[in-house]
Every structure is written in C-alpha cells, then in structure tokens.
>>> print(open('protein19.cif').read())   # mmCIF, C-alpha atoms and all ligand atoms
data_protein
loop_
_atom_site.label_atom_id
_atom_site.label_comp_id
_atom_site.auth_asym_id
_atom_site.auth_seq_id
_atom_site.Cartn_x
_atom_site.Cartn_y
_atom_site.Cartn_z
CA MET Q 1 0.00 0.00 0.00
CA PHE Q 2 1.20 3.52 -0.82
CA VAL Q 3 1.59 5.55 2.40
CA PRO Q 4 3.20 8.95 1.59
CA GLN Q 5 4.62 9.55 5.07
CA TRP Q 6 6.55 6.26 4.96
CA ILE Q 7 8.34 7.48 1.83
CA ILE Q 8 9.07 10.86 3.49
CA GLU Q 9 10.43 9.06 6.57
CA LYS Q 10 12.61 6.80 4.40
CA LYS Q 11 14.25 9.78 2.70
CA ARG Q 12 14.46 11.74 5.97
CA ASP Q 13 16.48 8.83 7.42
CA GLY Q 14 18.86 8.86 4.45
CA GLU Q 15 17.62 5.67 2.79
CA THR Q 16 17.33 5.17 -0.95
CA LEU Q 17 13.87 5.35 -2.52
CA THR Q 18 12.81 2.84 -5.15
CA ALA Q 19 11.51 3.91 -8.56
CA GLU Q 20 8.06 2.64 -7.42
CA ASP Q 21 8.17 4.89 -4.30
CA ILE Q 22 9.04 7.91 -6.41
CA THR Q 23 6.51 7.23 -9.17
CA ALA Q 24 3.66 6.66 -6.68
CA PHE Q 25 4.52 9.86 -4.79
CA ILE Q 26 4.73 12.05 -7.90
CA GLN Q 27 1.57 10.59 -9.42
CA GLY Q 28 -0.21 11.19 -6.11
CA TYR Q 29 1.03 14.78 -6.01
CA HIS Q 30 -0.06 15.34 -9.60
CA SER Q 31 -3.54 13.85 -9.04
CA GLY Q 32 -4.02 15.74 -5.76
CA SER Q 33 -4.08 12.74 -3.42
CA VAL Q 34 -0.69 13.81 -1.99
CA PRO Q 35 -1.12 17.33 -0.56
CA ASP Q 36 1.39 20.18 -0.85
CA TYR Q 37 2.60 19.76 2.74
CA GLN Q 38 3.68 16.16 2.15
CA MET Q 39 5.35 17.06 -1.16
CA ALA Q 40 7.13 19.96 0.60
CA ALA Q 41 8.34 17.61 3.34
CA LEU Q 42 9.72 15.16 0.77
CA ALA Q 43 11.38 18.01 -1.17
CA MET Q 44 13.09 19.18 2.03
CA ALA Q 45 14.21 15.62 2.84
CA ILE Q 46 15.66 15.35 -0.70
CA TYR Q 47 17.30 18.77 -0.29
CA LEU Q 48 18.96 17.62 2.98
CA LYS Q 49 19.80 13.98 2.16
CA GLY Q 50 20.31 14.11 -1.61
CA MET Q 51 19.46 11.41 -4.12
CA THR Q 52 21.41 8.73 -5.92
CA PHE Q 53 21.65 8.97 -9.68
CA GLU Q 54 19.05 6.19 -10.04
CA GLU Q 55 16.61 8.07 -7.78
CA THR Q 56 17.14 11.29 -9.75
CA ALA Q 57 16.52 9.49 -13.04
CA ALA Q 58 13.33 7.90 -11.63
CA LEU Q 59 12.14 11.33 -10.40
CA THR Q 60 12.78 12.81 -13.85
CA GLU Q 61 10.80 10.04 -15.60
CA ALA Q 62 7.96 10.21 -13.09
CA MET Q 63 7.59 13.99 -13.56
CA MET Q 64 7.87 13.72 -17.33
CA HIS Q 65 5.04 11.16 -17.43
CA THR Q 66 2.61 13.42 -15.58
CA GLY Q 67 2.06 15.13 -18.95
CA ALA Q 68 2.03 14.55 -22.69
CA LEU Q 69 5.16 14.10 -24.77
CA LEU Q 70 5.67 16.31 -27.81
CA ASP Q 71 5.32 14.19 -30.95
CA THR Q 72 8.23 15.26 -33.14
CA ALA Q 73 8.25 12.05 -35.24
CA GLY Q 74 6.95 13.97 -38.27
CA LEU Q 75 9.92 16.37 -38.36
CA SER Q 76 12.43 15.46 -41.04
CA ARG Q 77 15.50 17.07 -39.42
CA PRO Q 78 17.40 16.06 -36.25
CA VAL Q 79 15.55 17.56 -33.28
CA CYS Q 80 17.73 19.45 -30.84
CA ASP Q 81 17.40 22.10 -28.12
CA LYS Q 82 19.55 24.08 -25.70
CA HIS Q 83 18.83 24.79 -22.06
CA SER Q 84 20.54 27.44 -19.97
CA THR Q 85 20.39 27.39 -16.19
CA GLY Q 86 19.82 31.15 -16.43
CA GLY Q 87 21.83 34.30 -16.09
CA ILE Q 88 22.09 38.05 -16.55
CA GLY Q 89 22.05 39.28 -20.14
CA ASP Q 90 21.72 35.69 -21.39
CA LYS Q 91 20.04 36.18 -24.76
CA VAL Q 92 21.78 33.22 -26.45
CA SER Q 93 18.54 31.34 -27.29
CA LEU Q 94 17.31 34.16 -29.56
CA ILE Q 95 20.43 33.89 -31.71
CA LEU Q 96 21.19 30.17 -31.39
CA ALA Q 97 17.76 28.75 -32.32
CA PRO Q 98 17.63 30.43 -35.78
CA LEU Q 99 21.30 29.67 -36.46
CA ALA Q 100 20.88 25.99 -35.55
CA ALA Q 101 17.79 25.87 -37.81
CA ALA Q 102 19.78 27.54 -40.61
CA CYS Q 103 22.36 24.73 -40.19
CA GLY Q 104 19.69 22.05 -40.75
CA LEU Q 105 18.37 21.24 -37.26
CA ALA Q 106 14.79 21.39 -35.97
CA VAL Q 107 14.63 23.39 -32.73
CA PRO Q 108 11.37 23.16 -30.73
CA MET Q 109 12.37 25.45 -27.86
CA ILE Q 110 10.13 25.72 -24.81
CA SER Q 111 11.42 28.56 -22.65
CA GLY Q 112 10.69 30.21 -19.35
CA ARG Q 113 10.13 33.67 -17.94
CA GLY Q 114 12.64 35.50 -15.83
CA LEU Q 115 12.35 35.02 -12.10
CA GLY Q 116 14.49 36.83 -9.56
CA ILE Q 117 17.47 38.52 -11.14
CA THR Q 118 17.84 36.14 -14.09
CA GLY Q 119 16.11 37.10 -17.34
CA GLY Q 120 13.76 34.89 -19.34
CA THR Q 121 13.66 34.28 -23.08
CA LEU Q 122 9.86 34.65 -23.23
CA ASP Q 123 9.92 38.12 -21.66
CA LYS Q 124 12.55 39.18 -24.17
CA LEU Q 125 10.61 37.88 -27.17
CA GLU Q 126 7.38 39.47 -25.96
CA SER Q 127 8.99 42.88 -26.39
CA ILE Q 128 8.65 42.30 -30.16
CA PRO Q 129 5.27 43.84 -31.09
CA GLY Q 130 2.71 41.06 -31.68
CA TYR Q 131 4.99 38.07 -30.93
CA ARG Q 132 2.95 35.18 -29.46
CA THR Q 133 4.59 32.76 -27.04
CA ASP Q 134 1.37 30.81 -26.39
CA LEU Q 135 1.06 28.73 -29.58
CA SER Q 136 -0.92 25.49 -29.48
CA GLU Q 137 1.10 22.31 -29.83
CA ALA Q 138 -0.07 21.92 -33.46
CA GLU Q 139 0.93 25.53 -34.30
CA PHE Q 140 4.27 25.08 -32.54
CA LEU Q 141 5.12 21.93 -34.53
CA ARG Q 142 3.99 23.58 -37.75
CA VAL Q 143 6.32 26.56 -37.18
CA VAL Q 144 9.23 24.23 -36.33
CA ASP Q 145 8.54 22.23 -39.49
CA GLU Q 146 8.18 25.24 -41.80
CA VAL Q 147 10.75 27.63 -40.30
CA GLY Q 148 13.17 25.28 -38.52
CA CYS Q 149 12.67 26.71 -35.03
CA SER Q 150 10.02 28.08 -32.73
CA ILE Q 151 10.30 29.53 -29.24
CA ILE Q 152 7.22 29.36 -27.02
CA GLY Q 153 6.28 29.20 -23.31
CA GLN Q 154 5.68 26.16 -21.18
CA THR Q 155 2.44 24.43 -22.25
CA ALA Q 156 -0.11 23.19 -19.72
CA THR Q 157 0.34 19.61 -20.89
CA LEU Q 158 4.14 19.37 -20.61
CA ALA Q 159 5.37 17.93 -17.26
CA PRO Q 160 2.62 19.66 -15.22
CA ALA Q 161 3.89 18.18 -11.93
CA ASP Q 162 7.08 20.23 -12.35
CA LYS Q 163 5.18 23.51 -12.60
CA LYS Q 164 3.36 22.70 -9.35
CA LEU Q 165 6.48 21.43 -7.60
CA TYR Q 166 8.64 24.35 -8.73
CA GLY Q 167 6.12 26.80 -7.23
CA LEU Q 168 6.23 24.85 -3.97
CA ARG Q 169 10.04 24.68 -3.90
CA ASP Q 170 10.21 28.40 -4.50
CA VAL Q 171 8.42 29.08 -1.19
CA THR Q 172 9.86 26.23 0.89
CA GLY Q 173 13.61 26.86 0.52
CA THR Q 174 14.14 23.79 -1.65
CA VAL Q 175 15.18 25.28 -5.01
CA PRO Q 176 18.99 24.86 -4.81
CA SER Q 177 19.09 21.04 -4.70
CA ILE Q 178 21.00 19.26 -7.46
CA PRO Q 179 18.62 16.26 -7.81
CA LEU Q 180 15.54 18.53 -7.73
CA ILE Q 181 16.99 20.96 -10.28
CA THR Q 182 18.14 18.08 -12.51
CA ALA Q 183 14.72 16.42 -12.51
CA SER Q 184 12.92 19.74 -12.99
CA ILE Q 185 14.96 20.77 -16.02
CA MET Q 186 15.33 17.36 -17.62
CA CYS Q 187 11.68 16.25 -17.28
CA LYS Q 188 10.63 19.26 -19.39
CA LYS Q 189 13.41 18.89 -21.95
CA MET Q 190 12.95 15.12 -22.30
CA ALA Q 191 9.22 15.69 -22.96
CA GLU Q 192 10.12 17.79 -26.04
CA GLY Q 193 10.80 14.72 -28.20
CA LEU Q 194 14.48 15.61 -28.75
CA ASP Q 195 17.28 13.61 -30.32
CA ALA Q 196 19.91 15.79 -28.63
CA LEU Q 197 20.27 18.53 -26.02
CA VAL Q 198 23.05 20.94 -25.08
CA LEU Q 199 23.11 22.40 -21.58
CA ASP Q 200 24.62 25.78 -20.76
CA VAL Q 201 25.35 25.53 -17.05
CA LYS Q 202 26.11 28.99 -15.74
CA VAL Q 203 28.61 29.51 -12.93
CA GLY Q 204 29.19 32.62 -10.81
CA ARG Q 205 27.62 35.55 -8.97
CA GLY Q 206 24.73 35.91 -11.42
CA ALA Q 207 23.89 32.17 -11.49
CA PHE Q 208 22.20 29.52 -9.32
CA MET Q 209 25.48 27.63 -9.16
CA LYS Q 210 28.08 29.85 -7.52
CA THR Q 211 31.10 27.54 -7.87
CA PRO Q 212 32.50 25.41 -10.73
CA GLU Q 213 32.27 22.33 -8.45
CA GLN Q 214 28.50 22.75 -7.96
CA ALA Q 215 27.99 23.51 -11.64
CA ARG Q 216 30.05 20.47 -12.67
CA GLU Q 217 27.98 18.19 -10.44
CA LEU Q 218 24.72 19.57 -11.82
CA ALA Q 219 25.96 19.27 -15.42
CA ARG Q 220 27.16 15.67 -14.90
CA ASN Q 221 23.84 14.71 -13.35
CA MET Q 222 21.80 16.23 -16.17
CA VAL Q 223 24.01 14.70 -18.89
CA ARG Q 224 23.75 11.25 -17.25
CA VAL Q 225 19.98 11.44 -16.89
CA GLY Q 226 19.60 12.47 -20.54
CA GLU Q 227 21.91 9.70 -21.72
CA ALA Q 228 20.08 7.13 -19.60
CA MET Q 229 16.94 8.20 -21.47
CA GLY Q 230 18.66 7.49 -24.79
CA LYS Q 231 19.49 11.08 -25.83
CA SER Q 232 22.72 12.63 -27.01
CA VAL Q 233 23.52 15.25 -24.35
CA GLY Q 234 26.44 17.65 -23.82
CA ALA Q 235 27.13 20.54 -21.46
CA LEU Q 236 29.24 23.66 -21.33
CA LEU Q 237 30.11 25.35 -18.04
CA THR Q 238 30.15 29.09 -18.75
CA ASN Q 239 30.99 32.25 -16.82
CA MET Q 240 28.13 34.15 -15.16
CA ASP Q 241 30.23 36.34 -12.86
CA ILE Q 242 29.80 38.98 -15.54
CA PRO Q 243 26.71 39.69 -17.65
CA LEU Q 244 26.68 38.22 -21.15
CA GLY Q 245 26.97 40.84 -23.88
CA HIS Q 246 26.51 44.60 -23.72
CA THR Q 247 22.81 44.80 -22.79
CA VAL Q 248 20.63 43.68 -19.88
CA GLY Q 249 16.86 44.24 -20.12
CA ASN Q 250 14.29 42.69 -22.40
CA ALA Q 251 13.88 44.90 -25.50
CA LEU Q 252 17.52 45.99 -25.28
CA GLU Q 253 18.57 42.33 -25.38
CA VAL Q 254 16.37 41.66 -28.43
CA ARG Q 255 18.08 44.62 -30.11
CA GLU Q 256 21.54 43.15 -29.35
CA SER Q 257 20.40 39.68 -30.52
CA ILE Q 258 19.23 41.06 -33.87
CA GLU Q 259 22.48 43.02 -34.20
CA CYS Q 260 24.33 39.78 -33.49
CA LEU Q 261 22.33 37.98 -36.22
CA GLN Q 262 23.23 40.91 -38.52
CA GLY Q 263 26.89 40.01 -37.82
CA LYS Q 264 27.60 43.24 -35.91
CA VAL Q 265 28.41 41.76 -32.48
CA LYS Q 266 31.80 40.34 -31.57
CA GLY Q 267 33.11 39.16 -28.20
CA PRO Q 268 31.70 36.93 -25.42
CA LEU Q 269 28.05 36.86 -26.59
CA TRP Q 270 28.97 35.68 -30.07
CA ASP Q 271 31.72 33.35 -28.83
CA ILE Q 272 29.39 31.50 -26.43
CA THR Q 273 26.48 31.39 -28.88
CA ARG Q 274 28.69 30.01 -31.62
CA GLU Q 275 30.13 27.32 -29.29
CA LEU Q 276 26.71 26.19 -28.07
CA THR Q 277 25.25 26.09 -31.58
CA ALA Q 278 28.30 24.13 -32.76
CA ALA Q 279 27.80 21.69 -29.87
CA MET Q 280 24.22 21.09 -31.10
CA LEU Q 281 25.52 20.22 -34.59
CA LEU Q 282 28.08 17.84 -33.10
CA LEU Q 283 25.53 16.15 -30.82
CA CYS Q 284 23.27 15.59 -33.84
CA GLY Q 285 26.10 14.16 -35.94
CA ARG Q 286 25.88 17.10 -38.37
CA ALA Q 287 29.58 18.04 -38.13
CA SER Q 288 32.79 16.03 -38.34
CA ASP Q 289 34.52 17.91 -35.51
CA ARG Q 290 34.35 21.14 -33.50
CA ASP Q 291 36.13 23.21 -36.17
CA ASP Q 292 33.73 22.02 -38.86
CA ALA Q 293 30.77 22.81 -36.58
CA LEU Q 294 32.08 26.29 -35.73
CA GLU Q 295 32.60 27.02 -39.42
CA GLN Q 296 29.05 25.94 -40.33
CA VAL Q 297 27.67 28.28 -37.64
CA GLN Q 298 29.85 31.15 -38.83
CA ASN Q 299 28.62 30.59 -42.41
CA ALA Q 300 25.00 30.60 -41.26
CA LEU Q 301 25.64 33.98 -39.67
CA ASP Q 302 27.75 35.53 -42.46
CA SER Q 303 25.30 34.47 -45.19
CA GLY Q 304 22.38 36.12 -43.33
CA ARG Q 305 20.53 32.76 -43.18
CA GLY Q 306 20.29 32.93 -39.37
CA LEU Q 307 18.66 36.38 -39.48
CA GLU Q 308 16.28 35.19 -42.21
CA VAL Q 309 15.14 32.25 -40.04
CA PHE Q 310 14.64 34.64 -37.10
CA ARG Q 311 12.52 36.94 -39.28
CA LYS Q 312 10.38 34.00 -40.44
CA MET Q 313 9.92 32.75 -36.86
CA VAL Q 314 8.83 36.21 -35.68
CA GLU Q 315 6.36 36.48 -38.56
CA ALA Q 316 5.00 32.94 -38.07
CA GLN Q 317 4.36 33.74 -34.40
CA GLY Q 318 2.44 36.94 -35.09
CA GLY Q 319 5.29 39.40 -34.51
CA ASN Q 320 6.29 42.29 -36.74
CA PRO Q 321 9.22 41.00 -38.87
CA ALA Q 322 10.19 44.58 -39.83
CA VAL Q 323 11.87 44.71 -36.42
CA CYS Q 324 14.78 42.87 -38.10
CA GLU Q 325 15.61 46.06 -40.06
CA ASP Q 326 14.09 48.77 -37.91
CA LEU Q 327 15.18 48.24 -34.30
CA ASP Q 328 13.30 51.39 -33.30
CA LEU Q 329 10.08 49.36 -33.53
CA LEU Q 330 11.06 47.86 -30.16
CA PRO Q 331 9.77 49.58 -27.00
CA ALA Q 332 12.04 52.37 -25.71
CA ALA Q 333 12.29 53.94 -22.24
CA PRO Q 334 11.60 57.69 -21.84
CA THR Q 335 14.74 58.50 -19.83
CA ILE Q 336 18.19 57.60 -21.07
CA GLU Q 337 21.37 58.60 -19.25
CA THR Q 338 25.00 57.74 -19.81
CA VAL Q 339 27.31 56.81 -16.94
CA THR Q 340 30.97 57.49 -17.67
CA ALA Q 341 34.41 56.52 -16.31
CA GLU Q 342 36.07 58.93 -13.89
CA ALA Q 343 39.57 57.78 -14.84
CA SER Q 344 41.26 55.98 -17.71
CA GLY Q 345 42.25 52.34 -17.29
CA TRP Q 346 41.00 48.83 -17.93
CA ILE Q 347 37.65 47.35 -16.97
CA ALA Q 348 38.50 44.99 -14.11
CA ASP Q 349 35.04 43.80 -13.10
CA VAL Q 350 31.36 44.02 -14.02
CA ASP Q 351 29.21 42.53 -11.26
CA ALA Q 352 26.40 40.43 -12.79
CA ASP Q 353 24.54 40.20 -9.48
CA LYS Q 354 24.39 43.99 -8.94
CA ILE Q 355 23.39 44.60 -12.53
CA GLY Q 356 20.68 41.92 -12.41
CA ARG Q 357 19.24 43.51 -9.24
CA ALA Q 358 19.34 47.01 -10.76
CA VAL Q 359 17.44 45.90 -13.88
CA LEU Q 360 14.88 44.13 -11.70
CA VAL Q 361 14.18 47.29 -9.63
CA LEU Q 362 13.95 49.35 -12.84
CA GLY Q 363 10.97 47.09 -13.65
CA GLY Q 364 12.70 44.76 -16.11
CA GLY Q 365 12.29 41.67 -13.89
CA ARG Q 366 9.80 40.29 -11.41
CA THR Q 367 9.83 39.13 -7.81
CA LYS Q 368 6.67 37.03 -8.13
CA ALA Q 369 5.72 34.88 -11.13
CA GLU Q 370 2.50 36.90 -11.68
CA ASP Q 371 4.21 40.35 -11.78
CA GLY Q 372 4.15 42.32 -15.04
CA ILE Q 373 7.37 43.75 -16.44
CA ASP Q 374 8.56 46.84 -18.29
CA HIS Q 375 10.19 45.59 -21.51
CA ALA Q 376 11.92 48.88 -22.30
CA VAL Q 377 14.13 49.44 -19.23
CA GLY Q 378 17.66 48.18 -18.61
CA LEU Q 379 21.27 48.82 -19.45
CA SER Q 380 22.97 49.10 -22.83
CA GLU Q 381 26.52 49.77 -24.03
CA LEU Q 382 27.75 47.92 -20.95
CA VAL Q 383 31.53 47.50 -20.88
CA THR Q 384 33.18 44.12 -20.41
CA PRO Q 385 36.22 43.10 -18.31
CA GLY Q 386 39.59 43.39 -20.05
CA GLN Q 387 38.40 46.32 -22.19
CA ARG Q 388 40.39 49.61 -22.22
CA ILE Q 389 38.43 52.70 -21.15
CA GLU Q 390 39.35 56.39 -21.32
CA LYS Q 391 38.27 59.00 -18.77
CA GLY Q 392 34.78 60.17 -19.80
CA GLY Q 393 34.17 56.98 -21.83
CA THR Q 394 30.80 55.22 -21.49
CA LEU Q 395 30.55 52.53 -18.78
CA TYR Q 396 26.87 51.92 -19.51
CA VAL Q 397 23.66 53.64 -20.56
CA LEU Q 398 20.72 53.46 -18.15
CA HIS Q 399 17.20 53.22 -19.68
CA SER Q 400 14.45 53.98 -17.14
CA ARG Q 401 10.86 55.18 -16.76
CA ASP Q 402 10.26 56.06 -13.13
CA SER Q 403 12.45 58.39 -11.02
CA ASP Q 404 12.11 56.43 -7.72
CA ARG Q 405 13.09 53.19 -9.42
CA ARG Q 406 15.92 55.01 -11.21
CA GLY Q 407 17.27 56.27 -7.86
CA GLU Q 408 17.25 52.78 -6.35
CA ALA Q 409 18.88 51.29 -9.45
CA ARG Q 410 21.62 53.93 -9.34
CA ARG Q 411 22.36 52.99 -5.70
CA LEU Q 412 22.55 49.29 -6.61
CA LEU Q 413 24.85 50.08 -9.52
CA GLU Q 414 27.39 51.91 -7.35
CA GLY Q 415 30.60 49.92 -7.59
CA ALA Q 416 29.11 47.48 -10.13
CA VAL Q 417 31.79 48.37 -12.67
CA THR Q 418 35.41 48.58 -11.51
CA VAL Q 419 38.19 50.30 -13.48
CA SER Q 420 41.84 49.38 -12.80
CA PRO Q 421 44.88 51.50 -13.70
CA ASP Q 422 46.66 48.27 -14.73
CA ALA Q 423 45.92 46.10 -17.74
CA VAL Q 424 43.41 43.32 -16.98
CA GLU Q 425 42.97 40.10 -18.92
CA ALA Q 426 39.55 39.17 -20.26
CA PRO Q 427 38.00 36.50 -17.99
CA THR Q 428 37.60 32.86 -19.03
CA LEU Q 429 34.26 32.39 -20.77
CA ILE Q 430 34.01 28.61 -20.99
CA PHE Q 431 35.30 26.67 -17.98
CA GLU Q 432 34.60 23.19 -19.26
CA ARG Q 433 33.10 21.27 -22.17
CA MET Q 434 31.37 17.97 -21.45
CA MET Q 435 30.75 16.38 -24.81
CA PRO Q 436 30.21 12.69 -25.57
CA GLU Q 437 33.56 12.35 -27.36
CA GLY Q 438 35.31 14.03 -24.37
N1 LIG C 501 15.08 25.81 -13.78
C1 LIG C 501 14.11 24.88 -13.70
O1 LIG C 501 13.35 24.67 -14.64
N2 LIG C 501 14.00 24.17 -12.57
C2 LIG C 501 14.82 24.35 -11.50
O2 LIG C 501 14.68 23.65 -10.51
C3 LIG C 501 15.82 25.33 -11.59
C4 LIG C 501 15.94 26.06 -12.76
#
>>> encode(input="protein19.cif", output="structure tokens")
Amino acid sequence: MFVPQWIIEKKRDGETLTAEDITAFIQGYHSGSVPDYQMAALAMAIYLKGMTFEETAALTEAMMHTGALLDTAGLSRPVCDKHSTGGIGDKVSLILAPLAAACGLAVPMISGRGLGITGGTLDKLESIPGYRTDLSEAEFLRVVDEVGCSIIGQTATLAPADKKLYGLRDVTGTVPSIPLITASIMCKKMAEGLDALVLDVKVGRGAFMKTPEQARELARNMVRVGEAMGKSVGALLTNMDIPLGHTVGNALEVRESIECLQGKVKGPLWDITRELTAAMLLLCGRASDRDDALEQVQNALDSGRGLEVFRKMVEAQGGNPAVCEDLDLLPAAPTIETVTAEASGWIADVDADKIGRAVLVLGGGRTKAEDGIDHAVGLSELVTPGQRIEKGGTLYVLHSRDSDRRGEARRLLEGAVTVSPDAVEAPTLIFERMMPEG
C-alpha cells in the first residue's frame, strides 16, 4: 500500500527510494491525493539527504510522465534544443535557435520567464510587437517544421507536476538542490521529443550555481539522466560572474540579438552562442569535428541565413518581422542617461549580481511569477572586463521610466563596474566542455 509519510520518513532517514516509491509519490502529487505539505516535506528531505543517480533518473521520468510528450516524429530534421540554467544578459537562445535551424536542425524550444534577477527568453521575445509565445502544440510543430525553429512558453500539458512542484520549492527553501533541479529541467526537456540537447550551465555571482564544483555536479547529473533516457547530451560550463553581452533588459537584449544575427556583435556573446550552436551540430552528428561545426555556424551567420530564419519565426508567431531592419520598432524607455568613467584604465570587473538587481528594480524583472514587467528598461553599451576605457568613456547607458526606481537602481549600480589603472585580462568564458567524445 502507498503511504506517503513512509516514503518521506525513508528519505528523511537517508535511505534510498525505489523507482516505485518515487513514481507513486509524484503521481499522487499530480492527481491531488498527496497534498502540498507532504510534497514539501519530501522536497526538504531530498534537499537535505540528496538522491542517488538512479533516484534522480526515476524522479525525472515520473515527472515527465505526468504530462504529454511532444510528438516530433513527423519532423524530417534532427531535433535538438539548448537549455541554460539562467543568467544576466543571457540572450543566447534568440540567436542560437535560428542559427541551428539555418544549419539544418529542428529546434522546438520551450522557454521560461525571468524570475528573480535572471532574465527569461519569453519576456525578451514578448517585447517584439505582436509576438505570441502561447502557440498550441499543433501551431508550434507547424512553425518548427516550416521555419526550422520556434520559441514558445511552457504548455499546460508538458510535465505539469514540475510547474506545481517548482512553485512549492520556491516558497519552501528547496530550489537549490541538485537532484531537484536536474529532474525539474530534464523532465521538461525530455518531454520535447528531442534527439539531442546541449546544456549551458552557468557559474558565478549571477547564477544559481556559484562555484564550478556545484555547476560540474549539476551538469554531470543532467548529462547522465539524458543519456540514460537514450538522448545525445552535452554541457558547457560558462561564466556568469559577468553579464553576457553589452545589454541587460528585455527589448535591449532583443536589439543586441538582432544586431548579433546581422553580424555586428563580436566578443563573449557571439563566442558563447557560436560554441553552443556548434555543440548542437556535433551532438546531432551534423559536423565532423568542432572546427567544422564552428565554421558551419559562422557561415549561417555571415550568409544572413540565421537572421532570415529569425525573421520567419517572428512572422510565423504573429510578430512584426520589420523589427529585423528597424530596431526602433522595439519599446524604448523615456529616460536615457550615460554613466561614464572617472579615470582611464582597464575594466577589471562588471558585477552580474548587482546589474541583475538594478534591472529588476527598474521594472525589467519580477519578484513574483504573476508580476508584469517593463520591456523597455535596462542597461545598454555595458563594458566588459579586459576592455580599455578612457576618462569620460561610457561605462553603460541606463534606460528607465520612473524616477524612484531610477534612484534605487543607481544605488545598486554603485561599484558594479570597476576600473583598474593596470591592464586586466579578459576573464575565461568557458570553464569546461562535457561532450560525448570528451
Ligand atoms: N530551472 C528549472 O526549470 N528548474 C529548477 O529547478 C531550476 C531552474
């Protein structure tokens, strides 16, 4: 007989749960026979005692099977996606999905909203006038088939137990648990009907995982779970001590993404996007080696095919494709001010955590899932560590609407950018690559 408290007690005492224990508990939670308080107790026991790999894999499968699986069998190309554990200025998905599609992959990308200081792909895309993130499953598959990629929000039918459990973890101090994060991310990705998946596991001040050791453990766990479910999975551990790119804030990040697809952006944003897209080609067997994959991605950018796919995706999802030429169609904030360097030198540090908090208080992020956001606010022209700066040169441009919020953001931004009189090396962007061939 299934008695929920016996399973909670087992985990509380550090024992290993069976796949049957886990499946019964998750099905009970999904159907409503296991109440929130028992699920919260089990989540806390898992947070404190951990889970073996086999338990984590069973939890992933159980959560995945609380919903429908996306039927991608009709797609003629290899089906691949990317997942990022979330960061500040992380707009990679907007550039990578069309580029991967331009290189011959099908990318059915189901993304999230920003929560806390990390931004969300859906919020960014919704700053494009008319863009719909709520396509039906049939519409979603049609866009992937016709365009090569589509980016939408979580559907009600995909791993519904995760949505419920994530909300509960958020208010019970049980988010930062490696088995719970692994199962939460992988149950949604594995329900997408993928052949392959690349994971961008962020490390640093602006990320969930603050140290490379934690990030490595999370990445290994996710890769193993995906492989055990028969998928080709790789991971990159990337730097989130500093924001990614020169913009933070929804519409500003769309602007930078389109500029990147126009071939106008060099540096960390392009380097990481190119590496992750190349990893997708490798995982799908579409490139002979990393150099070949990187070259294919560069060609997709240089030829303008990536931008063309982006334009078609925007149009297919109800957005105004003219945004690809006229960036002024994106929402803009009424007050724009430039913050400059007081002395010449080299940019030594740009604190992702402070910048993420500042953009949130400007109105660009939310503290509760149901909050609305201001797409126009944020930072642009943000410098990056290792860069030379002259006295009076721009450190960043602040885009705001409301003077109280602006004042608070300015306070949070004090000391966010540090200038050194001595030359500073650019920080490492990619700490580790975990790919099947090593
Ligand atoms: N993202 C998710 O989807 N789930 C987690 O638990 C953490 C990040």
>>> residues_near_ligand(input="protein19.cif", ligand="ligand LIG 501 (chain C)", cutoff="6 Å", atoms="all atoms listed in the file", output="PyMOL selection string")
chain Q and resi 85+175+180-181+184-185
>>> closest_atom_pairs(input="protein19.cif", of="segment 31-114 of chain Q", to="segment 366-389 of chain Q", cutoff="12 Å", atoms="only C-alpha atoms", output="Markdown table")
| residue | atom | partner | partner_atom | distance |
| --- | --- | --- | --- | --- |
| Q:Ile88 | CA | Q:Leu379 | CA | 11.2 |
| Q:Gly89 | CA | Q:Leu379 | CA | 9.6 |
| Q:Gly112 | CA | Q:Ala369 | CA | 10.7 |
| Q:Arg113 | CA | Q:Ala369 | CA | 8.2 |
| Q:Gly114 | CA | Q:Arg366 | CA | 7.1 |
>>> write_last_selection(input="protein19.cif", atoms="C-alpha atoms", output="PDB file, in the coordinates of the input")
ATOM      1  CA  ILE Q  88      22.090  38.050 -16.550  1.00  0.00           C
ATOM      2  CA  GLY Q  89      22.050  39.280 -20.140  1.00  0.00           C
ATOM      3  CA  GLY Q 112      10.690  30.210 -19.350  1.00  0.00           C
ATOM      4  CA  ARG Q 113      10.130  33.670 -17.940  1.00  0.00           C
ATOM      5  CA  GLY Q 114      12.640  35.500 -15.830  1.00  0.00           C
TER       6      GLY Q 114
END
>>> closest_residue(input="protein19.cif", among="Q:Val201, Q:Ile110, Q:Val225, Q:Ala102", to="Glu137 of chain Q", atoms="all atoms listed in the file")
Q:Ile110
>>> residues_near_point(input="protein19.cif", point="(24.1, 42.0, -10.9)", cutoff="10 Å", atoms="only C-alpha atoms", output="MDAnalysis selection string")
chainID Q and resid 87:89 117:118 205:207 240:243 248 350:360 412:413 416
>>> closest_residue(input="protein19.cif", among="Q:Thr52, Q:Ser33, Q:Gln27, Q:Thr238", to="Ile430 of chain Q", atoms="only C-alpha atoms")
Q:Thr238
